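Source file: input29.cif (mmCIF, C-alpha atoms)
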data_target
loop_
_atom_site.label_atom_id
_atom_site.label_comp_id
_atom_site.auth_asym_id
_atom_site.auth_seq_id
_atom_site.Cartn_x
_atom_site.Cartn_y
_atom_site.Cartn_z
CA MET A 1 0.00 0.00 0.00
CA LYS A 2 1.47 3.31 -1.13
CA VAL A 3 0.36 6.87 -0.43
CA TYR A 4 1.20 9.57 -2.97
CA VAL A 5 1.04 13.31 -2.38
CA SER A 6 1.59 15.66 -5.33
CA ARG A 7 1.87 19.38 -4.76
CA VAL A 8 0.94 21.33 -7.90
CA GLY A 9 0.59 25.04 -8.67
CA GLY A 10 2.22 27.75 -6.63
CA VAL A 11 3.87 30.63 -8.47
CA ALA A 12 6.43 28.11 -9.76
CA GLY A 13 3.76 25.82 -11.22
CA ILE A 14 6.09 22.88 -10.61
CA ARG A 15 4.72 19.46 -9.62
CA LEU A 16 6.55 17.70 -6.79
CA THR A 17 5.50 14.24 -5.60
CA TRP A 18 6.21 12.48 -2.31
CA GLN A 19 5.36 8.80 -1.65
CA VAL A 20 5.35 6.41 1.26
CA ARG A 21 4.96 2.62 1.44
CA VAL A 22 2.75 2.35 4.50
CA ASP A 23 3.76 -1.18 5.51
CA ASP A 24 7.42 -0.19 5.64
CA GLN A 25 6.72 2.48 8.25
CA PRO A 26 7.67 1.71 11.87
CA ASP A 27 4.27 3.10 12.95
CA ALA A 28 2.28 1.41 10.16
CA ASP A 29 -0.77 0.95 12.42
CA SER A 30 -1.18 4.66 12.99
CA TRP A 31 -0.79 5.29 9.24
CA TRP A 32 -3.59 2.80 8.55
CA ARG A 33 -5.85 4.41 11.16
CA LEU A 34 -5.23 7.88 9.72
CA LEU A 35 -5.97 6.70 6.16
CA GLU A 36 -9.12 4.80 7.16
CA ASP A 37 -10.52 7.68 9.21
CA LEU A 38 -10.09 10.30 6.47
CA PRO A 39 -13.43 11.57 5.09
CA TRP A 40 -12.57 10.63 1.48
CA GLN A 41 -16.19 11.06 0.33
CA SER A 42 -16.47 14.59 1.69
CA ALA A 43 -13.04 16.05 1.03
CA PRO A 44 -13.05 19.84 0.65
CA SER A 45 -13.53 20.75 -3.01
CA GLY A 46 -13.23 24.54 -3.23
CA PRO A 47 -11.45 26.10 -6.22
CA VAL A 48 -7.73 26.84 -6.12
CA GLN A 49 -6.79 30.51 -5.79
CA PRO A 50 -4.15 32.09 -8.03
CA ASP A 51 -0.66 30.76 -7.28
CA ARG A 52 -1.77 28.79 -4.21
CA PHE A 53 -0.79 25.14 -4.00
CA CYS A 54 -3.15 22.29 -4.69
CA TYR A 55 -2.58 18.81 -3.21
CA GLU A 56 -3.44 15.66 -5.13
CA ILE A 57 -3.60 12.78 -2.67
CA LYS A 58 -3.84 9.13 -3.71
CA ALA A 59 -4.15 6.03 -1.52
CA GLU A 60 -5.92 3.35 -3.52
CA PRO A 61 -8.82 3.12 -3.95
CA HIS A 62 -9.12 6.69 -2.75
CA GLU A 63 -8.21 10.01 -4.34
CA ALA A 64 -8.71 13.60 -3.23
CA VAL A 65 -7.70 16.98 -4.67
CA ILE A 66 -7.57 19.69 -2.01
CA ALA A 67 -6.72 23.40 -2.31
CA GLU A 68 -4.02 24.57 0.07
CA ASN A 69 -6.28 26.95 1.98
CA GLU A 70 -8.64 24.03 2.75
CA LEU A 71 -5.95 21.57 3.77
CA ASP A 72 -6.76 21.19 7.46
CA GLY A 73 -7.03 18.65 10.26
CA PRO A 74 -6.32 15.05 9.25
CA TRP A 75 -5.67 16.04 5.60
CA ARG A 76 -2.91 18.40 6.66
CA GLU A 77 -1.57 15.72 9.00
CA LEU A 78 -1.41 13.15 6.19
CA VAL A 79 0.35 15.52 3.77
CA ASP A 80 2.86 16.58 6.42
CA ARG A 81 3.57 12.94 7.36
CA VAL A 82 4.05 11.80 3.77
CA GLN A 83 6.39 14.71 3.01
CA ARG A 84 8.36 14.10 6.21
CA ALA A 85 8.66 10.33 5.74
CA ASP A 86 9.71 10.60 2.09
CA THR A 87 12.20 13.40 2.72
CA ASP A 88 13.75 11.40 5.60
CA SER A 89 14.18 8.37 3.37
CA ARG A 90 15.95 10.31 0.60
CA MET B 1 -5.00 62.72 -18.55
CA PRO B 2 -2.84 65.56 -17.19
CA CYS B 3 -2.48 68.60 -19.42
CA GLN B 4 0.38 68.52 -21.89
CA ILE B 5 2.80 71.32 -21.09
CA LEU B 6 6.02 70.26 -22.78
CA PRO B 7 5.94 70.15 -26.58
CA PRO B 8 6.54 66.76 -28.18
CA TYR B 9 9.98 67.65 -29.58
CA LEU B 10 11.21 68.49 -26.09
CA LEU B 11 9.68 65.36 -24.61
CA GLU B 12 11.47 63.36 -27.29
CA LYS B 13 14.75 65.01 -26.35
CA ILE B 14 14.27 64.25 -22.65
CA ALA B 15 13.07 60.74 -23.42
CA ALA B 16 16.22 60.09 -25.43
CA CYS B 17 18.48 61.34 -22.64
CA GLU B 18 20.57 58.51 -21.23
CA ARG B 19 22.34 60.30 -18.38
CA PRO B 20 21.61 58.33 -15.18
CA GLU B 21 20.52 61.39 -13.20
CA MET B 22 17.95 62.03 -15.91
CA ALA B 23 16.57 58.50 -15.89
CA HIS B 24 13.41 59.44 -14.02
CA ALA B 25 12.70 62.44 -16.23
CA ALA B 26 13.44 60.41 -19.34
CA THR B 27 11.00 57.73 -18.24
CA ALA B 28 8.32 60.29 -17.44
CA ALA B 29 8.84 61.93 -20.81
CA ARG B 30 8.63 58.61 -22.63
CA ARG B 31 5.43 57.83 -20.76
CA SER B 32 3.98 61.13 -21.77
CA LEU B 33 4.91 60.56 -25.40
CA VAL B 34 3.30 57.15 -25.38
CA HIS B 35 0.16 58.42 -23.68
CA ASP B 36 -0.20 61.39 -25.97
CA ALA B 37 0.65 59.65 -29.21
CA PRO B 38 -2.98 58.95 -30.14
CA LEU B 39 -4.01 62.51 -29.30
CA ARG B 40 -1.31 63.91 -31.52
CA ARG B 41 -2.26 61.47 -34.23
CA LEU B 42 -5.87 62.55 -33.91
CA GLY B 43 -4.67 66.12 -34.37
CA ASP B 44 -2.96 65.14 -37.61
CA ARG B 45 -5.98 63.29 -38.84
CA SER B 46 -8.38 66.12 -38.23
CA LEU B 47 -6.67 67.99 -41.08
CA ALA B 48 -7.55 65.30 -43.57
CA THR B 49 -11.27 65.14 -44.20
CA ASP B 50 -11.15 61.83 -46.07
CA GLN B 51 -9.77 59.93 -43.06
CA PRO B 52 -12.09 57.64 -41.10
CA SER B 53 -13.27 58.90 -37.75
CA PRO B 54 -10.56 58.58 -35.16
CA VAL B 55 -10.97 55.76 -32.69
CA PRO B 56 -11.61 57.16 -29.23
CA ARG B 57 -9.10 56.50 -26.49
CA ILE B 58 -9.89 53.58 -24.28
CA ALA B 59 -11.52 54.84 -21.12
CA ASP B 60 -9.53 53.78 -18.07
CA PRO B 61 -11.16 54.43 -14.72
CA ALA B 62 -7.76 54.09 -13.07
CA MET B 63 -6.41 57.16 -14.88
CA PRO B 64 -6.25 60.20 -12.63
CA VAL B 65 -8.75 62.86 -13.61
CA GLU B 66 -8.32 65.39 -10.83
CA SER B 67 -5.22 67.38 -10.18
CA GLY B 68 -3.77 67.40 -6.68
CA PRO B 69 -0.74 66.10 -4.89
CA ALA B 70 0.96 63.30 -6.82
CA PRO B 71 0.08 59.91 -5.31
CA THR B 72 2.79 57.98 -3.52
CA VAL B 73 3.23 54.36 -2.58
CA ASP B 74 2.24 53.27 0.93
CA ARG B 75 4.04 50.09 1.99
CA THR B 76 3.94 48.02 5.16
CA VAL B 77 6.05 44.87 5.55
CA SER B 78 5.28 42.41 8.35
CA ASP B 79 7.10 39.31 9.60
CA ALA B 80 5.19 36.07 10.27
CA GLU B 81 8.30 34.69 12.02
CA GLY B 82 7.84 31.24 10.53
CA SER B 83 4.16 30.93 11.42
CA GLU B 84 1.17 30.86 9.08
CA ASN B 85 -0.53 33.67 10.97
CA LEU B 86 -1.21 36.83 8.98
CA PRO B 87 -0.32 39.63 9.00
CA GLY B 88 2.46 39.09 11.59
CA LYS B 89 4.56 41.71 13.32
CA ILE B 90 5.09 45.02 11.47
CA VAL B 91 8.80 45.47 10.73
CA ARG B 92 8.92 48.32 8.18
CA THR B 93 6.47 51.02 7.17
CA GLU B 94 6.64 53.54 4.32
CA GLY B 95 9.78 55.66 4.52
CA GLY B 96 11.10 53.65 7.47
CA PRO B 97 14.79 52.74 7.74
CA VAL B 98 16.31 49.70 6.06
CA THR B 99 16.49 46.72 8.41
CA ALA B 100 19.13 43.97 8.59
CA ASP B 101 16.64 41.46 7.12
CA SER B 102 17.18 41.16 3.37
CA ALA B 103 13.74 39.55 2.88
CA VAL B 104 12.15 42.69 4.32
CA THR B 105 14.30 44.94 2.11
CA GLU B 106 13.57 42.91 -1.02
CA ALA B 107 9.83 42.84 -0.34
CA TYR B 108 9.75 46.60 0.35
CA ASP B 109 11.77 47.36 -2.79
CA GLY B 110 9.76 44.94 -4.94
CA LEU B 111 6.49 46.54 -3.86
CA GLY B 112 7.97 49.95 -4.72
CA ASP B 113 9.23 48.79 -8.12
CA THR B 114 5.81 47.38 -8.95
CA TRP B 115 3.96 50.50 -7.80
CA ARG B 116 6.29 52.68 -9.90
CA LEU B 117 5.77 50.67 -13.09
CA TYR B 118 1.99 50.91 -12.79
CA TRP B 119 2.00 54.60 -11.85
CA GLU B 120 4.77 55.96 -14.06
CA ALA B 121 4.09 53.87 -17.15
CA TYR B 122 0.30 53.55 -17.00
CA GLY B 123 -0.95 56.17 -14.54
CA ARG B 124 -2.44 53.47 -12.31
CA ASN B 125 -2.26 54.26 -8.60
CA SER B 126 -1.61 50.87 -6.97
CA VAL B 127 -3.30 47.49 -7.38
CA ASP B 128 -6.86 48.79 -7.25
CA GLY B 129 -6.17 52.05 -9.14
CA ARG B 130 -7.25 53.97 -6.04
CA GLY B 131 -4.09 53.97 -3.94
CA LEU B 132 -4.56 50.69 -2.09
CA PRO B 133 -1.79 50.43 0.55
CA LEU B 134 0.64 47.67 -0.41
CA ASP B 135 1.02 45.21 2.46
CA ALA B 136 3.35 42.22 2.53
CA THR B 137 4.25 39.46 4.98
CA VAL B 138 7.66 37.76 4.84
CA HIS B 139 8.96 34.59 6.56
CA TYR B 140 5.58 32.88 6.16
CA GLY B 141 5.47 29.22 7.26
CA GLN B 142 8.25 26.66 7.51
CA ASP B 143 10.34 25.91 4.40
CA TYR B 144 7.46 27.45 2.50
CA ASP B 145 8.09 27.21 -1.28
CA ASN B 146 5.79 29.94 -2.51
CA ALA B 147 4.70 33.55 -2.77
CA PHE B 148 1.10 34.59 -3.33
CA TRP B 149 -1.41 37.46 -3.31
CA ASN B 150 -4.20 36.41 -0.95
CA GLY B 151 -6.67 38.98 -2.26
CA ARG B 152 -5.52 41.63 0.20
CA ARG B 153 -1.76 41.24 0.78
CA MET B 154 1.46 39.69 -0.53
CA VAL B 155 2.78 36.63 1.30
CA PHE B 156 6.35 35.34 0.89
CA GLY B 157 7.88 32.06 2.04
CA ASP B 158 11.57 31.52 2.73
CA GLY B 159 11.82 28.48 0.44
CA ASP B 160 13.09 25.08 1.57
CA GLY B 161 16.76 25.89 0.92
CA GLN B 162 17.15 22.67 -1.09
CA LEU B 163 15.29 23.65 -4.26
CA PHE B 164 14.07 27.18 -3.63
CA ASN B 165 15.63 30.30 -2.12
CA ARG B 166 13.51 32.95 -0.40
CA PHE B 167 10.72 34.16 -2.69
CA THR B 168 11.44 37.87 -2.20
CA ILE B 169 14.66 37.41 -4.18
CA SER B 170 13.06 37.99 -7.59
CA PRO B 171 11.40 41.34 -8.47
CA SER B 172 9.57 39.63 -11.34
CA VAL B 173 7.88 37.32 -8.81
CA VAL B 174 6.81 40.29 -6.66
CA GLY B 175 5.44 42.01 -9.77
CA HIS B 176 3.76 38.75 -10.86
CA GLU B 177 1.92 38.38 -7.55
CA LEU B 178 0.79 42.01 -7.27
CA THR B 179 -0.46 41.79 -10.85
CA HIS B 180 -2.80 39.00 -9.71
CA GLY B 181 -4.23 41.80 -7.56
CA VAL B 182 -4.49 44.16 -10.54
CA THR B 183 -6.25 41.44 -12.54
CA GLN B 184 -8.60 40.80 -9.61
CA TYR B 185 -9.65 44.49 -9.71
CA THR B 186 -9.91 44.68 -13.52
CA ALA B 187 -10.64 41.85 -16.00
CA ASN B 188 -10.85 39.32 -13.13
CA LEU B 189 -9.94 36.49 -15.52
CA VAL B 190 -11.41 33.19 -14.31
CA TYR B 191 -8.61 31.00 -12.91
CA GLN B 192 -9.33 27.90 -14.97
CA GLY B 193 -8.35 26.74 -18.45
CA GLN B 194 -7.42 29.36 -21.06
CA SER B 195 -8.71 32.36 -19.09
CA GLY B 196 -6.68 31.06 -16.14
CA ALA B 197 -3.57 30.75 -18.32
CA LEU B 198 -4.18 34.35 -19.45
CA ASN B 199 -4.46 35.40 -15.79
CA GLU B 200 -1.06 33.75 -15.23
CA SER B 201 0.44 35.23 -18.39
CA VAL B 202 -0.67 38.78 -17.57
CA SER B 203 1.13 38.36 -14.23
CA ASP B 204 4.28 37.16 -16.00
CA VAL B 205 4.12 40.01 -18.53
CA PHE B 206 3.90 42.77 -15.93
CA GLY B 207 6.25 40.89 -13.58
CA ALA B 208 8.89 40.96 -16.33
CA LEU B 209 8.10 44.62 -17.03
CA VAL B 210 8.53 45.55 -13.34
CA GLU B 211 12.07 44.20 -13.55
CA GLN B 212 12.85 45.81 -16.92
CA PHE B 213 11.44 49.19 -15.81
CA ALA B 214 13.44 49.16 -12.57
CA ARG B 215 16.62 48.27 -14.46
CA GLY B 216 16.00 50.55 -17.44
CA GLN B 217 16.36 47.62 -19.85
CA ARG B 218 15.22 47.61 -23.46
CA ALA B 219 13.48 44.54 -24.90
CA ASN B 220 16.69 43.23 -26.43
CA GLU B 221 18.63 43.71 -23.17
CA ALA B 222 16.17 41.95 -20.87
CA SER B 223 16.37 38.34 -19.69
CA TRP B 224 12.62 37.74 -20.12
CA LEU B 225 12.94 35.28 -17.24
CA ILE B 226 10.40 34.97 -14.43
CA GLY B 227 11.87 34.12 -11.04
CA GLU B 228 15.55 34.42 -11.84
CA GLY B 229 17.62 33.56 -8.74
CA LEU B 230 14.81 31.62 -7.09
CA PHE B 231 16.41 28.20 -7.56
CA THR B 232 19.28 27.18 -5.28
CA ALA B 233 22.67 26.36 -6.79
CA GLN B 234 21.72 22.65 -6.59
CA VAL B 235 19.04 23.03 -9.26
CA HIS B 236 19.87 22.84 -12.95
CA GLY B 237 17.94 25.87 -14.12
CA VAL B 238 18.00 29.65 -14.39
CA ALA B 239 14.40 30.59 -13.52
CA LEU B 240 10.80 29.37 -13.25
CA ARG B 241 9.85 30.39 -16.78
CA SER B 242 11.26 31.98 -19.91
CA MET B 243 9.05 34.23 -22.01
CA LYS B 244 11.69 34.39 -24.72
CA ALA B 245 12.03 30.60 -24.97
CA PRO B 246 9.25 28.83 -23.03
CA GLY B 247 10.27 25.29 -22.06
CA THR B 248 13.96 26.11 -21.49
CA ALA B 249 14.06 27.64 -17.99
CA TYR B 250 15.14 24.46 -16.20
CA ASP B 251 16.02 20.82 -16.78
CA ASP B 252 16.69 19.12 -13.47
CA PRO B 253 16.75 15.54 -12.09
CA VAL B 254 14.31 16.43 -9.26
CA LEU B 255 12.13 19.09 -10.91
CA GLY B 256 12.10 17.58 -14.39
CA LYS B 257 12.20 19.71 -17.52
CA ASP B 258 10.39 23.03 -17.93
CA PRO B 259 7.11 21.84 -19.55
CA GLN B 260 5.88 25.16 -20.97
CA PRO B 261 4.76 25.26 -24.62
CA ALA B 262 5.64 28.29 -26.78
CA ASP B 263 2.80 27.86 -29.29
CA MET B 264 -0.61 26.25 -29.80
CA ALA B 265 0.93 23.11 -31.29
CA GLY B 266 2.19 22.36 -27.77
CA PHE B 267 -1.03 23.29 -25.92
CA VAL B 268 -1.40 20.99 -22.89
CA THR B 269 -4.78 19.52 -21.95
CA THR B 270 -4.88 18.54 -18.28
CA ASP B 271 -7.13 18.69 -15.22
CA SER B 272 -4.20 19.46 -12.96
CA ASP B 273 -3.29 23.01 -11.83
CA ALA B 274 -6.67 24.47 -12.84
CA GLY B 275 -6.23 23.08 -16.33
CA GLY B 276 -2.53 23.78 -16.73
CA VAL B 277 -2.66 27.52 -16.05
CA HIS B 278 1.11 27.64 -15.37
CA LEU B 279 1.84 25.55 -18.49
CA ASN B 280 -0.22 27.11 -21.25
CA SER B 281 0.64 30.63 -20.08
CA GLY B 282 3.83 30.03 -22.09
CA ILE B 283 1.85 30.66 -25.28
CA PRO B 284 0.54 34.20 -24.53
CA ASN B 285 3.83 34.92 -22.74
CA HIS B 286 5.74 34.21 -25.92
CA ALA B 287 3.30 36.30 -27.96
CA PHE B 288 4.03 39.30 -25.73
CA TYR B 289 7.76 38.71 -26.03
CA LEU B 290 7.48 38.54 -29.84
CA ALA B 291 5.42 41.73 -30.07
CA ALA B 292 7.75 43.64 -27.72
CA SER B 293 10.89 42.39 -29.48
CA THR B 294 9.56 43.25 -32.91
CA LEU B 295 8.83 46.80 -31.75
CA GLY B 296 12.13 47.14 -29.88
CA GLY B 297 12.89 49.82 -27.30
CA TYR B 298 11.27 49.68 -23.87
CA ALA B 299 8.73 46.86 -23.67
CA TRP B 300 6.59 48.63 -21.07
CA GLU B 301 5.88 51.44 -23.54
CA ALA B 302 4.00 50.28 -26.65
CA ALA B 303 3.60 46.53 -26.01
CA GLY B 304 3.02 46.93 -22.26
CA GLN B 305 0.55 49.76 -22.88
CA ILE B 306 -1.43 47.61 -25.32
CA TRP B 307 -1.60 44.72 -22.83
CA TYR B 308 -2.53 47.15 -20.03
CA ASP B 309 -5.28 48.70 -22.16
CA THR B 310 -6.54 45.19 -22.92
CA LEU B 311 -6.62 44.15 -19.25
CA THR B 312 -8.41 47.33 -18.17
CA GLY B 313 -10.58 47.87 -21.24
CA GLY B 314 -13.58 45.67 -20.55
CA LEU B 315 -12.10 42.26 -21.31
CA ALA B 316 -14.52 39.41 -20.50
CA ALA B 317 -13.54 37.33 -17.45
CA THR B 318 -13.94 34.11 -19.42
CA SER B 319 -11.87 35.21 -22.45
CA ASP B 320 -9.94 32.48 -24.24
CA PHE B 321 -6.62 33.01 -26.04
CA ALA B 322 -8.29 34.03 -29.32
CA ALA B 323 -10.58 36.57 -27.63
CA PHE B 324 -7.62 38.05 -25.74
CA ALA B 325 -5.55 38.21 -28.94
CA GLN B 326 -8.33 40.03 -30.77
CA ALA B 327 -8.71 42.43 -27.82
CA THR B 328 -4.98 43.27 -27.92
CA ALA B 329 -5.25 43.95 -31.66
CA ARG B 330 -8.22 46.30 -31.03
CA ALA B 331 -6.30 48.02 -28.23
CA ALA B 332 -3.28 48.48 -30.51
CA GLU B 333 -5.50 49.96 -33.21
CA ALA B 334 -7.26 52.28 -30.76
CA ARG B 335 -4.03 53.66 -29.37
CA PHE B 336 -1.67 53.54 -32.35
CA GLY B 337 -3.87 53.19 -35.44
CA GLY B 338 -4.87 50.35 -37.72
CA SER B 339 -1.87 50.73 -40.02
CA SER B 340 0.66 51.21 -37.24
CA ALA B 341 3.75 49.09 -36.62
CA GLU B 342 2.30 48.34 -33.17
CA HIS B 343 -0.90 46.86 -34.59
CA ALA B 344 1.09 44.79 -37.10
CA ALA B 345 3.51 43.53 -34.44
CA VAL B 346 0.67 42.39 -32.19
CA LEU B 347 -1.14 40.55 -35.00
CA GLY B 348 2.13 38.98 -36.17
CA ALA B 349 2.97 37.74 -32.67
CA TRP B 350 -0.38 35.97 -32.19
CA LYS B 351 -0.09 34.39 -35.64
CA THR B 352 3.41 33.11 -34.87
CA VAL B 353 2.22 31.32 -31.71
CA GLY B 354 -0.77 29.91 -33.61
CA VAL B 355 -3.53 31.68 -31.67
CA LEU B 356 -4.69 33.71 -34.67
CA PRO B 357 -4.79 32.03 -38.09
CA GLY B 358 -1.74 32.79 -40.24
#
Let me see the structure of the file written as structure tokens.
Amino acid sequence: MKVYVSRVGGVAGIRLTWQVRVDDQPDADSWWRLLEDLPWQSAPSGPVQPDRFCYEIKAEPHEAVIAENELDGPWRELVDRVQRADTDSR
Amino acid sequence: MPCQILPPYLLEKIAACERPEMAHAATAARRSLVHDAPLRRLGDRSLATDQPSPVPRIADPAMPVESGPAPTVDRTVSDAEGSENLPGKIVRTEGGPVTADSAVTEAYDGLGDTWRLYWEAYGRNSVDGRGLPLDATVHYGQDYDNAFWNGRRMVFGDGDGQLFNRFTISPSVVGHELTHGVTQYTANLVYQGQSGALNESVSDVFGALVEQFARGQRANEASWLIGEGLFTAQVHGVALRSMKAPGTAYDDPVLGKDPQPADMAGFVTTDSDAGGVHLNSGIPNHAFYLAASTLGGYAWEAAGQIWYDTLTGGLAATSDFAAFAQATARAAEARFGGSSAEHAAVLGAWKTVGVLPG
């Protein structure tokens, strides 16, 4: 099971992607809980504002696209964790 | 439009003056010549009865109509100190002393450079045309890789230090972001698909012009880069975008290759990034570069004036590339005439990038 986070937009307009293999994480259980508790069916869906980031999040079978200014709570936690875990492993 | 006091021949002499201490006067004189060109042309035409009726000047509500003290910029820079709380602590107000923080200095100077382009070249007093104070926050967030206009103020991150430097480093980025504010108050181009790519391109055009105006560069002397200096030394690239050669700004193992197209043959269809607004902006960007380069001289004068007239002249918020191209051609005709070099350069540029049929 892999989680992908792509950050698109921003003034740079450059796509950067971070990914994590959940089962390889030392705290895999907490990753699974976070992923299962996310409200995938009711993710925020407001439009992106000029030059703000937009996050494309994928954890099969789920996908969500969330504007930066609406990235809160567990969504923000997931994005932060994926970025941190992938950066640490580089 | 302020009354014309200096005769055109004298304005031309001042405009041509290249002594550094005369730079401001030269710029003001060039602006006056550009602004008055249609009026003088109308004067010529009125002598010839067989000429078609002159096209009226485009009405611009941002143009000053009353005399009074000249407007000045009103800047306030705040420091979020690594938080995401706005506005943060005020660290420099208008006329205040330089601080030791280069992000504060760069933001303050970038706001000033942008205000001066809009006022001195186009007679527009700030983002809203009515003297809106220019507020900015620096040191926003942690490793934050972005700068944006949030509808009311400028926000700058410090970058992550691996890929991106601090976002105040590039005057073209400051000009780009504040121009999102100008667009918000004028054509308000919808941030999706082609109108979104035009919104982006207008920000790149005036962002580049902010830099060229501040440096006194002619079209053939300018870099035409957006965000020069923003990448760290570890990145293989010179800037975020190139208006002169879209698709060539960077080619890096982590970031990939600059994906911008330069013409309609390379138009990208995608759902991502509001329909590729930062990709397809390469096409109108290159059209502006072509028009400005064909005309030569200072790009903020004829070419910039035509784009400014287009943005502020009743452009529909949902305009696509073709509608925008036709609007620039009408603006060129209104200001410079239908058989002018300016009108021809604008039409030629849009044909070259494949937006108007060749």
Define the interface residues of chain A facing chain B as those within 12 Å, counting all atoms listed in the file, and report them as a ChimeraX atom specification.
-> /A:6-18,46-56,65-69,80,83,87,90
For Ala344 in chain B, please output as a PyMOL selection string all residues within 10 Å (counting all atoms listed in the file; exclusion window: fewer than 2 positions along the same chain).
-> chain B and resi 291+294-295+329+332-333+337-342+346-349
Length of the CA of Arg21 in chain A to CA of His236 in chain B vector [Å] =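 About the pair CA of Arg21 in chain A and CA of His236 in chain B: they are 29.0 Å apart.
Shortest atom-to-atom contact with Leu38 in chain A among A:Glu70, A:Val3, A:Val20, A:Leu78: A:Leu78, counting only C-alpha atoms.
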Got a sec: who's within 12 Å of Ala214 in chain B, counting all atoms listed in the file, leaving out chain neighbours fewer than 3 positions off, as a count of residues only?
-> 29
Calculate how many Å separate CA of Tyr144 in chain B from CA of Gly159 in chain B, rounding to one decimal.
->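 CA of Tyr144 in chain B sits 4.9 Å away from CA of Gly159 in chain B.
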Pick out the closest residue to Val138 in chain B from this set: B:Val73, B:Ile90, B:Leu315, B:Val205. Count only C-alpha atoms.
-> B:Ile90
For the structure provided, state which residues fall under the PyMOL selection byres ((chain B and resi 318) around 12), and present them as an MDAnalysis selection string.
-> chainID B and resid 187:199 314:317 319:324
List the residues selected by the PyMOL selection byres ((chain A and resi 64) around 10) in the file shown, writing them as an MDAnalysis selection string.
-> chainID A and resid 5 39:45 55:59 62:63 65:66 75
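Distance-wise, CA of Pro253 in chain B and CA of Arg76 in chain A end up 27.3 Å apart.
Using only C-alpha atoms, the shortest contact distance between Leu34 in chain A and any of A:Asp86, A:Gln19, A:Tyr4, A:Glu77 is found at A:Glu77.
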Residues within 7 Å of (-2.0, 3.9, 4.0), file coords, only C-alpha atoms, listed as a list in words = Met1, Lys2, Val3, Val22, Trp31, Trp32, Leu35 and Ala59 of chain A
Output of the PyMOL selection byres ((chain B and resi 352-355) around 10), listed as an MDAnalysis selection string = chainID B and resid 261:266 282:287 290 320:326 347:351 356:358
